[in-house]
Each structure stands twice: as C-alpha cells, then as structure tokens.
file start27.pdb (PDB, C-alpha atoms)
ATOM      1  CA  MET Y   1      42.402  23.764   4.757
ATOM      2  CA  THR Y   2      39.360  25.811   5.693
ATOM      3  CA  THR Y   3      38.646  28.675   3.308
ATOM      4  CA  SER Y   4      37.069  31.903   4.497
ATOM      5  CA  SER Y   5      35.105  34.135   2.145
ATOM      6  CA  TYR Y   6      34.706  37.883   2.373
ATOM      7  CA  ALA Y   7      34.357  40.956   0.185
ATOM      8  CA  SER Y   8      37.419  41.439  -1.993
ATOM      9  CA  ASP Y   9      38.756  44.830  -3.061
ATOM     10  CA  VAL Y  10      39.459  45.807  -6.658
ATOM     11  CA  LEU Y  11      42.951  44.952  -7.820
ATOM     12  CA  PRO Y  12      44.787  48.276  -8.247
ATOM     13  CA  SER Y  13      46.137  49.375 -11.610
ATOM     14  CA  GLY Y  14      49.614  50.784 -11.922
ATOM     15  CA  THR Y  15      52.426  50.091  -9.481
ATOM     16  CA  VAL Y  16      51.880  49.744  -5.746
ATOM     17  CA  ASP Y  17      54.546  50.219  -3.129
ATOM     18  CA  ILE Y  18      54.100  46.809  -1.544
ATOM     19  CA  VAL Y  19      52.315  43.559  -2.209
ATOM     20  CA  VAL Y  20      51.847  41.468   0.923
ATOM     21  CA  ILE Y  21      51.282  37.803   0.129
ATOM     22  CA  GLY Y  22      49.279  36.324   2.981
ATOM     23  CA  GLY Y  23      46.434  37.726   5.079
ATOM     24  CA  GLY Y  24      47.224  36.250   8.483
ATOM     25  CA  ALA Y  25      48.636  37.967  11.559
ATOM     26  CA  ALA Y  26      52.054  38.712  10.035
ATOM     27  CA  GLY Y  27      50.710  39.909   6.683
ATOM     28  CA  LEU Y  28      47.950  42.105   8.084
ATOM     29  CA  ASN Y  29      50.152  43.683  10.748
ATOM     30  CA  GLY Y  30      52.860  44.384   8.192
ATOM     31  CA  ALA Y  31      50.248  45.912   5.898
ATOM     32  CA  LEU Y  32      48.896  48.000   8.768
ATOM     33  CA  MET Y  33      52.299  49.512   9.513
ATOM     34  CA  LEU Y  34      52.859  50.310   5.851
ATOM     35  CA  ALA Y  35      49.395  51.722   5.219
ATOM     36  CA  ARG Y  36      49.735  53.979   8.265
ATOM     37  CA  SER Y  37      52.920  55.291   6.657
ATOM     38  CA  ARG Y  38      50.822  56.224   3.610
ATOM     39  CA  ARG Y  39      52.254  53.472   1.453
ATOM     40  CA  SER Y  40      50.069  51.934  -1.247
ATOM     41  CA  VAL Y  41      49.599  48.399   0.052
ATOM     42  CA  LEU Y  42      47.896  45.380  -1.478
ATOM     43  CA  VAL Y  43      47.338  42.233   0.580
ATOM     44  CA  ILE Y  44      46.636  39.068  -1.392
ATOM     45  CA  ASP Y  45      44.984  36.516   0.873
ATOM     46  CA  SER Y  46      44.177  32.913  -0.024
ATOM     47  CA  GLY Y  47      41.686  32.734   2.849
ATOM     48  CA  THR Y  48      43.245  29.519   4.237
ATOM     49  CA  PRO Y  49      44.920  30.457   7.530
ATOM     50  CA  ARG Y  50      46.766  27.756   9.439
ATOM     51  CA  ASN Y  51      44.642  28.199  12.566
ATOM     52  CA  ALA Y  52      41.267  28.153  10.786
ATOM     53  CA  PRO Y  53      40.181  24.872  12.480
ATOM     54  CA  ALA Y  54      40.786  26.351  15.956
ATOM     55  CA  GLU Y  55      37.850  27.730  17.897
ATOM     56  CA  ALA Y  56      39.926  30.424  19.572
ATOM     57  CA  MET Y  57      43.408  31.921  19.686
ATOM     58  CA  HIS Y  58      45.257  31.884  23.005
ATOM     59  CA  GLY Y  59      48.447  33.188  24.552
ATOM     60  CA  PHE Y  60      48.158  36.806  23.349
ATOM     61  CA  ILE Y  61      46.988  39.400  25.866
ATOM     62  CA  VAL Y  62      43.778  41.317  25.167
ATOM     63  CA  LEU Y  63      42.853  38.983  22.294
ATOM     64  CA  ASP Y  64      43.123  35.719  24.250
ATOM     65  CA  GLY Y  65      40.089  33.563  23.497
ATOM     66  CA  THR Y  66      39.150  35.397  20.297
ATOM     67  CA  PRO Y  67      38.243  33.227  17.280
ATOM     68  CA  PRO Y  68      40.906  33.480  14.544
ATOM     69  CA  SER Y  69      38.283  34.491  11.983
ATOM     70  CA  GLU Y  70      37.327  37.487  14.123
ATOM     71  CA  ILE Y  71      40.941  38.584  14.522
ATOM     72  CA  TYR Y  72      41.454  38.513  10.762
ATOM     73  CA  ARG Y  73      38.158  40.297  10.109
ATOM     74  CA  ARG Y  74      39.152  43.134  12.421
ATOM     75  CA  GLY Y  75      42.628  43.203  10.916
ATOM     76  CA  ARG Y  76      41.283  43.589   7.393
ATOM     77  CA  GLU Y  77      39.007  46.411   8.523
ATOM     78  CA  GLN Y  78      41.909  48.237  10.126
ATOM     79  CA  VAL Y  79      44.183  47.883   7.097
ATOM     80  CA  ARG Y  80      41.413  49.218   4.860
ATOM     81  CA  GLN Y  81      40.829  52.092   7.262
ATOM     82  CA  TYR Y  82      44.248  53.441   6.262
ATOM     83  CA  GLY Y  83      43.811  52.910   2.552
ATOM     84  CA  GLY Y  84      45.216  49.396   2.181
ATOM     85  CA  ARG Y  85      43.507  46.999  -0.219
ATOM     86  CA  ILE Y  86      42.846  43.317   0.344
ATOM     87  CA  VAL Y  87      42.146  40.890  -2.470
ATOM     88  CA  LEU Y  88      40.944  37.356  -1.837
ATOM     89  CA  GLY Y  89      42.763  35.057  -4.236
ATOM     90  CA  ASP Y  90      45.625  32.650  -4.839
ATOM     91  CA  VAL Y  91      49.021  33.775  -6.087
ATOM     92  CA  ALA Y  92      50.123  31.806  -9.138
ATOM     93  CA  SER Y  93      53.527  33.455  -9.612
ATOM     94  CA  THR Y  94      55.757  36.176  -8.215
ATOM     95  CA  GLU Y  95      58.764  37.213 -10.229
ATOM     96  CA  PRO Y  96      61.212  40.073 -10.627
ATOM     97  CA  ALA Y  97      60.306  42.531 -13.394
ATOM     98  CA  ALA Y  98      62.286  45.126 -15.294
ATOM     99  CA  PRO Y  99      63.329  47.925 -12.915
ATOM    100  CA  ALA Y 100      62.031  51.477 -13.186
ATOM    101  CA  ALA Y 101      63.983  54.109 -15.113
ATOM    102  CA  ASP Y 102      65.727  55.198 -11.928
ATOM    103  CA  GLY Y 103      66.740  51.627 -11.116
ATOM    104  CA  ASP Y 104      64.112  51.022  -8.441
ATOM    105  CA  LEU Y 105      63.051  47.383  -8.146
ATOM    106  CA  ARG Y 106      59.845  45.981  -9.604
ATOM    107  CA  PHE Y 107      57.999  42.679  -9.159
ATOM    108  CA  THR Y 108      55.038  41.176 -10.979
ATOM    109  CA  VAL Y 109      52.541  39.215  -8.914
ATOM    110  CA  THR Y 110      50.046  37.168 -10.923
ATOM    111  CA  LEU Y 111      46.921  35.581  -9.484
ATOM    112  CA  ALA Y 112      45.425  32.231 -10.405
ATOM    113  CA  ASP Y 113      42.772  34.014 -12.496
ATOM    114  CA  ASP Y 114      45.553  35.684 -14.571
ATOM    115  CA  ARG Y 115      45.113  39.157 -13.092
ATOM    116  CA  SER Y 116      48.418  40.773 -12.164
ATOM    117  CA  VAL Y 117      49.843  43.713 -10.270
ATOM    118  CA  THR Y 118      53.253  45.386 -10.193
ATOM    119  CA  ALA Y 119      54.944  46.152  -6.884
ATOM    120  CA  ARG Y 120      58.102  47.885  -5.742
ATOM    121  CA  ARG Y 121      58.581  45.496  -2.821
ATOM    122  CA  VAL Y 122      57.146  42.171  -1.643
ATOM    123  CA  LEU Y 123      56.414  40.908   1.856
ATOM    124  CA  VAL Y 124      55.932  37.134   2.003
ATOM    125  CA  ALA Y 125      53.652  36.135   4.887
ATOM    126  CA  THR Y 126      52.226  32.896   3.525
ATOM    127  CA  GLY Y 127      52.487  30.970   6.789
ATOM    128  CA  LEU Y 128      53.014  27.239   6.942
ATOM    129  CA  ARG Y 129      51.294  23.937   6.420
ATOM    130  CA  ASP Y 130      51.180  21.290   9.164
ATOM    131  CA  VAL Y 131      51.896  17.809   7.815
ATOM    132  CA  LEU Y 132      50.271  15.165  10.012
ATOM    133  CA  PRO Y 133      51.304  11.508  10.296
ATOM    134  CA  GLU Y 134      49.367   9.289   7.916
ATOM    135  CA  VAL Y 135      47.196   7.614  10.529
ATOM    136  CA  PRO Y 136      43.587   6.920   9.483
ATOM    137  CA  GLY Y 137      41.117   9.123  11.351
ATOM    138  CA  LEU Y 138      43.734  11.554  12.669
ATOM    139  CA  ALA Y 139      43.230  14.492  10.317
ATOM    140  CA  GLU Y 140      39.480  14.820  10.873
ATOM    141  CA  HIS Y 141      40.077  15.790  14.514
ATOM    142  CA  TRP Y 142      42.811  18.351  13.739
ATOM    143  CA  GLY Y 143      42.367  21.529  15.766
ATOM    144  CA  HIS Y 144      39.941  19.913  18.202
ATOM    145  CA  GLY Y 145      40.735  16.449  19.564
ATOM    146  CA  VAL Y 146      44.141  16.482  17.860
ATOM    147  CA  VAL Y 147      46.383  19.365  18.924
ATOM    148  CA  HIS Y 148      50.027  20.301  18.581
ATOM    149  CA  CYS Y 149      50.837  23.281  20.824
ATOM    150  CA  PRO Y 150      50.613  23.169  24.641
ATOM    151  CA  TYR Y 151      50.555  26.958  24.744
ATOM    152  CA  CYS Y 152      47.818  27.314  22.132
ATOM    153  CA  HIS Y 153      45.519  24.537  23.359
ATOM    154  CA  GLY Y 154      46.937  23.228  26.636
ATOM    155  CA  TRP Y 155      44.640  24.937  29.121
ATOM    156  CA  GLU Y 156      41.582  23.788  27.177
ATOM    157  CA  VAL Y 157      42.621  20.113  27.402
ATOM    158  CA  ARG Y 158      43.951  20.160  30.972
ATOM    159  CA  ASP Y 159      43.180  17.122  33.134
ATOM    160  CA  GLU Y 160      41.973  15.111  30.126
ATOM    161  CA  PRO Y 161      43.397  11.686  29.204
ATOM    162  CA  ILE Y 162      45.983  12.811  26.627
ATOM    163  CA  GLY Y 163      48.029  10.725  24.229
ATOM    164  CA  ILE Y 164      51.282  11.772  22.589
ATOM    165  CA  LEU Y 165      51.547  10.319  19.094
ATOM    166  CA  ALA Y 166      55.302  10.341  18.542
ATOM    167  CA  THR Y 167      56.704  11.448  15.208
ATOM    168  CA  GLY Y 168      60.395  11.828  16.102
ATOM    169  CA  PRO Y 169      62.882  13.077  18.716
ATOM    170  CA  ALA Y 170      60.963  16.320  19.329
ATOM    171  CA  SER Y 171      58.018  14.320  20.654
ATOM    172  CA  VAL Y 172      59.952  13.457  23.820
ATOM    173  CA  HIS Y 173      60.031  17.059  25.006
ATOM    174  CA  HIS Y 174      56.499  17.491  23.699
ATOM    175  CA  ALA Y 175      55.415  14.858  26.198
ATOM    176  CA  LEU Y 176      57.065  16.674  29.107
ATOM    177  CA  LEU Y 177      55.201  19.866  28.204
ATOM    178  CA  PHE Y 178      51.836  18.113  28.096
ATOM    179  CA  ARG Y 179      52.624  16.257  31.343
ATOM    180  CA  GLN Y 180      52.371  19.668  33.009
ATOM    181  CA  LEU Y 181      48.711  19.728  31.977
ATOM    182  CA  THR Y 182      47.468  16.268  32.941
ATOM    183  CA  GLU Y 183      48.173  13.370  35.273
ATOM    184  CA  ASP Y 184      46.947  10.895  32.626
ATOM    185  CA  LEU Y 185      49.452  10.893  29.756
ATOM    186  CA  THR Y 186      50.279   8.028  27.399
ATOM    187  CA  TYR Y 187      53.182   8.110  24.941
ATOM    188  CA  PHE Y 188      52.685   6.109  21.737
ATOM    189  CA  THR Y 189      56.150   5.521  20.253
ATOM    190  CA  HIS Y 190      54.569   4.508  16.920
ATOM    191  CA  GLY Y 191      57.788   3.147  15.471
ATOM    192  CA  THR Y 192      60.069   5.929  16.731
ATOM    193  CA  ASP Y 193      63.106   5.348  18.925
ATOM    194  CA  LEU Y 194      62.904   5.977  22.664
ATOM    195  CA  ASP Y 195      66.171   5.395  24.521
ATOM    196  CA  GLU Y 196      66.546   4.132  28.077
ATOM    197  CA  ASN Y 197      67.215   7.593  29.463
ATOM    198  CA  ALA Y 198      63.936   8.930  28.036
ATOM    199  CA  ARG Y 199      62.080   5.876  29.303
ATOM    200  CA  ALA Y 200      63.464   6.424  32.792
ATOM    201  CA  ARG Y 201      62.462  10.069  32.731
ATOM    202  CA  PHE Y 202      58.966   9.166  31.554
ATOM    203  CA  ALA Y 203      58.673   6.571  34.330
ATOM    204  CA  ALA Y 204      59.673   9.193  36.891
ATOM    205  CA  ARG Y 205      56.816  11.392  35.670
ATOM    206  CA  ASP Y 206      54.276   8.543  35.473
ATOM    207  CA  ILE Y 207      54.023   8.747  31.683
ATOM    208  CA  ARG Y 208      52.781   5.439  30.271
ATOM    209  CA  ILE Y 209      54.636   4.141  27.205
ATOM    210  CA  VAL Y 210      52.955   2.103  24.454
ATOM    211  CA  ASP Y 211      55.353   0.611  21.898
ATOM    212  CA  THR Y 212      52.743  -1.155  19.759
ATOM    213  CA  PRO Y 213      52.149   0.952  16.603
ATOM    214  CA  VAL Y 214      48.896   2.853  16.175
ATOM    215  CA  ARG Y 215      46.583   1.553  13.438
ATOM    216  CA  GLU Y 216      43.868   4.224  13.522
ATOM    217  CA  VAL Y 217      42.174   6.934  15.546
ATOM    218  CA  THR Y 218      38.701   6.017  16.762
ATOM    219  CA  LYS Y 219      35.757   8.286  17.489
ATOM    220  CA  ASN Y 220      32.588   8.354  19.553
ATOM    221  CA  GLU Y 221      29.050   8.338  18.159
ATOM    222  CA  ASP Y 222      28.981  12.141  18.445
ATOM    223  CA  GLY Y 223      32.118  12.396  16.300
ATOM    224  CA  THR Y 224      34.541  13.321  19.075
ATOM    225  CA  LEU Y 225      37.863  11.562  19.478
ATOM    226  CA  ALA Y 226      37.576   8.343  21.504
ATOM    227  CA  GLY Y 227      41.093   6.919  21.401
ATOM    228  CA  VAL Y 228      43.470   4.917  19.255
ATOM    229  CA  ARG Y 229      43.356   1.345  18.010
ATOM    230  CA  LEU Y 230      46.716  -0.385  17.995
ATOM    231  CA  THR Y 231      47.924  -2.876  15.409
ATOM    232  CA  ASP Y 232      47.253  -5.722  17.849
ATOM    233  CA  GLY Y 233      43.585  -4.680  18.052
ATOM    234  CA  GLN Y 234      43.745  -3.113  21.512
ATOM    235  CA  VAL Y 235      41.941   0.233  21.889
ATOM    236  CA  VAL Y 236      43.482   2.813  24.221
ATOM    237  CA  ALA Y 237      40.919   5.405  25.281
ATOM    238  CA  ARG Y 238      42.093   9.013  24.943
ATOM    239  CA  ARG Y 239      40.162  12.271  24.773
ATOM    240  CA  VAL Y 240      43.027  14.210  23.164
ATOM    241  CA  LEU Y 241      46.029  13.388  20.998
ATOM    242  CA  ALA Y 242      49.023  15.723  20.798
ATOM    243  CA  VAL Y 243      51.181  15.489  17.698
ATOM    244  CA  THR Y 244      54.398  17.222  16.710
ATOM    245  CA  THR Y 245      53.701  18.016  13.070
ATOM    246  CA  GLN Y 246      56.171  18.510  10.279
ATOM    247  CA  MET Y 247      55.883  22.203   9.446
ATOM    248  CA  GLN Y 248      56.387  23.314   5.853
ATOM    249  CA  ALA Y 249      56.491  26.956   4.765
ATOM    250  CA  ARG Y 250      53.892  27.594   2.088
ATOM    251  CA  THR Y 251      55.832  28.301  -1.091
ATOM    252  CA  GLU Y 252      53.154  28.111  -3.799
ATOM    253  CA  GLY Y 253      53.444  30.957  -6.302
ATOM    254  CA  LEU Y 254      56.853  32.041  -5.007
ATOM    255  CA  GLU Y 255      59.143  29.683  -6.903
ATOM    256  CA  ASP Y 256      60.399  32.310  -9.365
ATOM    257  CA  LEU Y 257      61.749  34.468  -6.542
ATOM    258  CA  LYS Y 258      64.239  31.703  -5.706
ATOM    259  CA  LEU Y 259      64.058  32.481  -2.008
ATOM    260  CA  PRO Y 260      66.497  30.329  -0.029
ATOM    261  CA  THR Y 261      64.980  27.779   2.347
ATOM    262  CA  GLU Y 262      66.460  25.696   5.117
ATOM    263  CA  ASP Y 263      65.548  22.497   6.939
ATOM    264  CA  LEU Y 264      65.026  22.324  10.678
ATOM    265  CA  PRO Y 265      66.762  19.637  12.771
ATOM    266  CA  ASP Y 266      65.098  16.264  13.388
ATOM    267  CA  ASN Y 267      62.940  16.531  10.263
ATOM    268  CA  MET Y 268      60.711  19.126  11.953
ATOM    269  CA  GLY Y 269      60.121  21.066   8.744
ATOM    270  CA  ARG Y 270      61.369  23.631   6.259
ATOM    271  CA  ARG Y 271      61.257  27.417   6.392
ATOM    272  CA  PHE Y 272      62.286  30.415   4.346
ATOM    273  CA  ALA Y 273      65.672  31.680   5.507
ATOM    274  CA  SER Y 274      65.603  35.270   6.724
ATOM    275  CA  GLY Y 275      67.709  37.848   8.500
ATOM    276  CA  MET Y 276      67.074  40.974  10.509
ATOM    277  CA  ALA Y 277      63.509  42.316  10.195
ATOM    278  CA  GLY Y 278      62.661  39.538   7.750
ATOM    279  CA  THR Y 279      65.175  40.475   5.073
ATOM    280  CA  THR Y 280      66.103  37.789   2.553
ATOM    281  CA  GLU Y 281      68.925  37.225   0.082
ATOM    282  CA  VAL Y 282      66.578  38.451  -2.670
ATOM    283  CA  PRO Y 283      66.678  42.271  -2.808
ATOM    284  CA  GLY Y 284      63.254  43.797  -2.347
ATOM    285  CA  VAL Y 285      61.691  40.723  -0.721
ATOM    286  CA  TRP Y 286      60.970  40.238   2.984
ATOM    287  CA  VAL Y 287      59.419  37.306   4.826
ATOM    288  CA  ALA Y 288      57.594  37.326   8.172
ATOM    289  CA  GLY Y 289      55.581  35.047  10.424
ATOM    290  CA  ASN Y 290      55.328  31.267  10.272
ATOM    291  CA  ALA Y 291      56.823  31.129   6.796
ATOM    292  CA  THR Y 292      60.214  31.819   8.398
ATOM    293  CA  ASP Y 293      59.598  31.301  12.137
ATOM    294  CA  LEU Y 294      57.776  27.985  12.303
ATOM    295  CA  SER Y 295      57.169  28.129  16.047
ATOM    296  CA  ALA Y 296      55.782  31.679  16.176
ATOM    297  CA  GLN Y 297      52.327  32.085  17.671
ATOM    298  CA  VAL Y 298      49.910  34.834  16.616
ATOM    299  CA  GLY Y 299      51.513  37.533  18.756
ATOM    300  CA  ALA Y 300      55.044  36.806  17.573
ATOM    301  CA  SER Y 301      53.910  36.602  13.938
ATOM    302  CA  ALA Y 302      52.110  39.935  14.198
ATOM    303  CA  ALA Y 303      55.197  41.524  15.765
ATOM    304  CA  ALA Y 304      57.404  40.146  12.987
ATOM    305  CA  GLY Y 305      55.054  41.576  10.377
ATOM    306  CA  ALA Y 306      55.179  44.985  12.047
ATOM    307  CA  LEU Y 307      58.982  44.922  12.139
ATOM    308  CA  ALA Y 308      59.228  43.901   8.492
ATOM    309  CA  GLY Y 309      56.708  46.567   7.494
ATOM    310  CA  SER Y 310      58.618  49.337   9.257
ATOM    311  CA  HIS Y 311      61.877  48.152   7.687
ATOM    312  CA  ILE Y 312      60.346  48.130   4.207
ATOM    313  CA  ASN Y 313      59.012  51.633   4.700
ATOM    314  CA  ALA Y 314      62.397  52.885   5.910
ATOM    315  CA  LEU Y 315      64.182  51.570   2.826
ATOM    316  CA  LEU Y 316      61.467  52.890   0.526
ATOM    317  CA  ALA Y 317      61.906  56.319   2.108
ATOM    318  CA  THR Y 318      65.565  56.175   1.174
ATOM    319  CA  ALA Y 319      64.731  54.997  -2.356
ATOM    320  CA  ASP Y 320      62.170  57.806  -2.744
ATOM    321  CA  THR Y 321      64.762  60.374  -1.689
ATOM    322  CA  ASP Y 322      67.382  58.943  -4.038
ATOM    323  CA  ALA Y 323      64.883  59.164  -6.902
ATOM    324  CA  ALA Y 324      63.936  62.719  -6.000
ATOM    325  CA  LEU Y 325      67.588  63.768  -5.863
ATOM    326  CA  THR Y 326      68.265  62.184  -9.230
ATOM    327  CA  ALA Y 327      65.276  63.977 -10.713
ATOM    328  CA  ALA Y 328      66.385  67.274  -9.170
ATOM    329  CA  GLN Y 329      69.738  66.853 -10.821
ATOM    330  CA  GLY Y 330      67.945  66.451 -14.136
ATOM    331  CA  ARG Y 331      69.054  62.939 -14.957
ATOM    332  CA  PHE Y 332      65.604  61.312 -14.921
ATOM    333  CA  PRO Y 333      62.038  62.591 -14.788
ATOM    334  CA  ALA Y 334      60.540  62.817 -11.329
ATOM    335  CA  PRO Y 335      58.557  59.692 -10.363
TER     336      PRO Y 335
END
call {"tool": "encode", "arguments": {"input": "start27.pdb", "output": "structure tokens"}}
result
Amino acid sequence: MTTSSYASDVLPSGTVDIVVIGGGAAGLNGALMLARSRRSVLVIDSGTPRNAPAEAMHGFIVLDGTPPSEIYRRGREQVRQYGGRIVLGDVASTEPAAPAADGDLRFTVTLADDRSVTARRVLVATGLRDVLPEVPGLAEHWGHGVVHCPYCHGWEVRDEPIGILATGPASVHHALLFRQLTEDLTYFTHGTDLDENARARFAARDIRIVDTPVREVTKNEDGTLAGVRLTDGQVVARRVLAVTTQMQARTEGLEDLKLPTEDLPDNMGRRFASGMAGTTEVPGVWVAGNATDLSAQVGASAAAGALAGSHINALLATADTDAALTAAQGRFPAP
C-alpha cells in the first residue's frame, strides 16, 4: 500500500448526515452528490487507494492519463467546496448506535486514534485489496511491470513481450485479452490446469505455453522487470507480466456492521453483497465501488458512488419529512 498525506479537516462534533468510509472515486463522488444536496458529509480516508502504484488512470474520458493522486486531490477540493469534510485516518470500528428519539438510525464510527463521530447513514467505499501470487520478486513490480487489467494498462504495454502468470481458470480469458495487445505472449501455467481445448485455442493464436513452474521474477540492473526464472533454472525474458489477482473487499473497521459478503466464482475474490444503488441488508448502510463491484474501473466506481449518494439523500429527505410531521403533531420535539 502507498499512503498519501494531505491536510485533514477537523472531525465534526454532533451528528452528521453521512459518514463516507473511503476517499477513492466511489467515496468522493458519493460525498460530492450528498454535499451538493446540502447534507453534512464526512469522508474518512485511509490514504491507501488501490491504484496508488499506477502512474496514470485510463479508460475514462476527459480524465484519461491523469495520475490517480491528482484525481483524488481534485475530488477532495470539490467535496470541500460544497461544505463536505475529509479526515485522513483509519476506521477502527463502525457500529449501530441507539436511534434518535424519533426512531431515526444512528451509527458510531471510531477512528484508530479513538476519536469518534455519530452519523445517520453510512456509505462504505473502502475499495479492495489485490492479493498477488506468492512469487519472489513479483510484488515489487506491481503497477508497473506487473499489471492486471488490459483496459487500465494494455495500451501502455502494447507490443511488449508479455507473460501471463496463471492463477486459475480466469487466466485463460485473461490471456486472450492480452493477446490483442501483443504478438509475443507466453502463458505460464504455474501449476494450474490447462485443458486440451484451451491449449488448442492458444496454439491457434500463437500463444506459447510454459508448464514448468515459476520460481521467481527477475529484474534488470535499473530495477525494471527482466523476466521469470523457472524451477529448472531457465530464464524466460519478459518485459511485462499480467496476473489475475484475487480481489478482496477491504473490511477493516466494518466487522460490527455484519454486512453480508459473497465469494466470486473460481476463487477470484470476495465482495460485499449489495442491491440497487448500493443498498445492503443492513438498514442505513450502503456500499459502492470496488468493495462490491470488484471489476469496476474508476469511471464505474465514481458512477456507483453518485447513485448511492443520490439514493441516500432521497431516503433522508423522506426521514426528515417524517420527523417534521411527527414534530408538527406534537409527539416529539422538532429535530
């Protein structure tokens, strides 16, 4: 993880309308929608976005080629422009609290430094963590010589000698996607199964297959990726390795919410289960972005955050009206 550092706002006292956990594309866009609706919004950001190692974000019009750090910097500025607050810190716990007098929901979010804030609703936008195969030397090239997404990084590695380091059944299709980008593609089975049909299809596309397991990733004197050394000692030169990672939603500090999760097929990862607009089975809690849609790129994550934010605001508008009606009828004091 690469941690970014920036000026942190003061944690608000009292109850805020929404706490957004996560300061990436989904969290910031959700916060933007809510702040523009004059909701009191607090974003809690750990400063460890998934795409921090990447030099640029691709596949999203207008912003294509922009460094992730710049996108998030602009996003924070825009959220603050509408009154939203952003606090740099780690969430230690998030749990339901006693409801308000009118029955409206409450949650307590506590940071690692023991500061806490109360919120009416929670938007989880924590993103995911990519779990790489345990191959020596692989992780140090992550985001540069080691890539995972042909749409995020493919153009930048076109025509290079690329290797596919197989991790399971999904790697077969992964290879076909990267074959579109280079004539020089080698598939390292690395102990995974590859049936005769897949081998025939690879042969038809001139994809070389190496069945000997990979021992380590090697590098050049300048630190760039040089290739892979196999268990028999042979070194296969490659400029780029593509890996299908296991993607795990980041759940730290959310355990007390008891949000349901579900596994993806072929051991591809685990995500938070969600419904329309990011709703969950836990009343008052939404989830958006990579934490629930593991394949979403920046644009899709931002769109999901916007949809969740508008849905939260709509339900809060109803709750505000219910509370006002109750107060008008003299049953409870006005909020």
call {"tool": "residues_around", "arguments": {"input": "start27.pdb", "residues": "Ser93 (chain Y)", "least_positions_apart": "3", "cutoff": "10 Å", "atoms": "all atoms listed in the file", "output": "mmCIF file with C-alpha atoms, in the frame of the given file"}}
result
data_model
loop_
_atom_site.group_PDB
_atom_site.id
_atom_site.type_symbol
_atom_site.label_atom_id
_atom_site.label_comp_id
_atom_site.auth_asym_id
_atom_site.auth_seq_id
_atom_site.Cartn_x
_atom_site.Cartn_y
_atom_site.Cartn_z
ATOM 1 C CA ASP Y 90 45.625 32.650 -4.839
ATOM 2 C CA THR Y 108 55.038 41.176 -10.979
ATOM 3 C CA VAL Y 109 52.541 39.215 -8.914
ATOM 4 C CA THR Y 110 50.046 37.168 -10.923
ATOM 5 C CA LEU Y 111 46.921 35.581 -9.484
ATOM 6 C CA ALA Y 112 45.425 32.231 -10.405
ATOM 7 C CA ASP Y 114 45.553 35.684 -14.571
ATOM 8 C CA SER Y 116 48.418 40.773 -12.164
ATOM 9 C CA GLU Y 252 53.154 28.111 -3.799
ATOM 10 C CA GLY Y 253 53.444 30.957 -6.302
ATOM 11 C CA LEU Y 254 56.853 32.041 -5.007
ATOM 12 C CA GLU Y 255 59.143 29.683 -6.903
ATOM 13 C CA ASP Y 256 60.399 32.310 -9.365
ATOM 14 C CA LEU Y 257 61.749 34.468 -6.542
#
call {"tool": "resolve_selection", "arguments": {"input": "start27.pdb", "expression": "the PyMOL selection byres ((chain Y and resi 26) around 10)", "output": "VMD selection string"}}
result
chain Y and resid 20 to 25 27 to 32 123 to 127 287 to 291 298 to 309
call {"tool": "residues_near_point", "arguments": {"input": "start27.pdb", "point": "(40.0, 42.7, -5.8)", "cutoff": "9 Å", "atoms": "only C-alpha atoms", "output": "compact mmCIF listing (two decimals) with C-alpha atoms, keeping the file's coordinate frame"}}
result
# COMPACT_ATOMS: atom_id res chain seq x y z
CA ALA Y 7 34.36 40.96 0.18
CA SER Y 8 37.42 41.44 -1.99
CA ASP Y 9 38.76 44.83 -3.06
CA VAL Y 10 39.46 45.81 -6.66
CA LEU Y 11 42.95 44.95 -7.82
CA PRO Y 12 44.79 48.28 -8.25
CA ILE Y 44 46.64 39.07 -1.39
CA ARG Y 85 43.51 47.00 -0.22
CA ILE Y 86 42.85 43.32 0.34
CA VAL Y 87 42.15 40.89 -2.47
CA LEU Y 88 40.94 37.36 -1.84
CA GLY Y 89 42.76 35.06 -4.24
call {"tool": "atom_distance", "arguments": {"input": "start27.pdb", "atom1": "CA of Met33 (chain Y)", "atom2": "CA of Asp320 (chain Y)"}}
result
17.8 Å
call {"tool": "closest_atom_pairs", "arguments": {"input": "start27.pdb", "of": "region 141-194 of chain Y", "to": "region 231-235 of chain Y", "cutoff": "12 Å", "atoms": "all atoms listed in the file", "output": "CSV"}}
result
residue,atom,partner,partner_atom,distance
Y:Phe188,CA,Y:Thr231,CA,12.0
Y:His190,CA,Y:Thr231,CA,10.0
Y:Gly191,CA,Y:Thr231,CA,11.6
call {"tool": "resolve_selection", "arguments": {"input": "start27.pdb", "expression": "the PyMOL selection byres ((chain Y and resi 182) around 10)", "output": "ChimeraX atom specification"}}
result
/Y:154-155,157-162,177-181,183-185
call {"tool": "resolve_selection", "arguments": {"input": "start27.pdb", "expression": "the PyMOL selection byres ((chain Y and resi 130) around 7)", "output": "PDB file with C-alpha atoms, keeping the file's coordinate frame"}}
result
ATOM      1  CA  LEU Y 128      53.014  27.239   6.942  1.00  0.00           C
ATOM      2  CA  ARG Y 129      51.294  23.937   6.420  1.00  0.00           C
ATOM      3  CA  VAL Y 131      51.896  17.809   7.815  1.00  0.00           C
ATOM      4  CA  LEU Y 132      50.271  15.165  10.012  1.00  0.00           C
ATOM      5  CA  THR Y 245      53.701  18.016  13.070  1.00  0.00           C
ATOM      6  CA  GLN Y 246      56.171  18.510  10.279  1.00  0.00           C
ATOM      7  CA  MET Y 247      55.883  22.203   9.446  1.00  0.00           C
ATOM      8  CA  GLN Y 248      56.387  23.314   5.853  1.00  0.00           C
TER       9      GLN Y 248
END
call {"tool": "residues_around", "arguments": {"input": "start27.pdb", "residues": "Leu264 (chain Y)", "least_positions_apart": "5", "cutoff": "12 Å", "atoms": "all atoms listed in the file", "output": "PyMOL selection string"}}
result
chain Y and resi 170+246-249+269-273+292-295
call {"tool": "atom_distance", "arguments": {"input": "start27.pdb", "atom1": "CA of Pro169 (chain Y)", "atom2": "CA of Leu194 (chain Y)"}}
result
8.1 Å
call {"tool": "closest_residue", "arguments": {"input": "start27.pdb", "among": "Y:Gly275, Y:Gly75, Y:Gly84, Y:Pro260", "to": "Arg39 (chain Y)", "atoms": "all atoms listed in the file"}}
result
Y:Gly84
call {"tool": "residues_near_point", "arguments": {"input": "start27.pdb", "point": "(48.5, 17.7, 21.7)", "cutoff": "7 Å", "atoms": "all atoms listed in the file", "output": "PyMOL selection string"}}
result
chain Y and resi 146-150+164+240-243
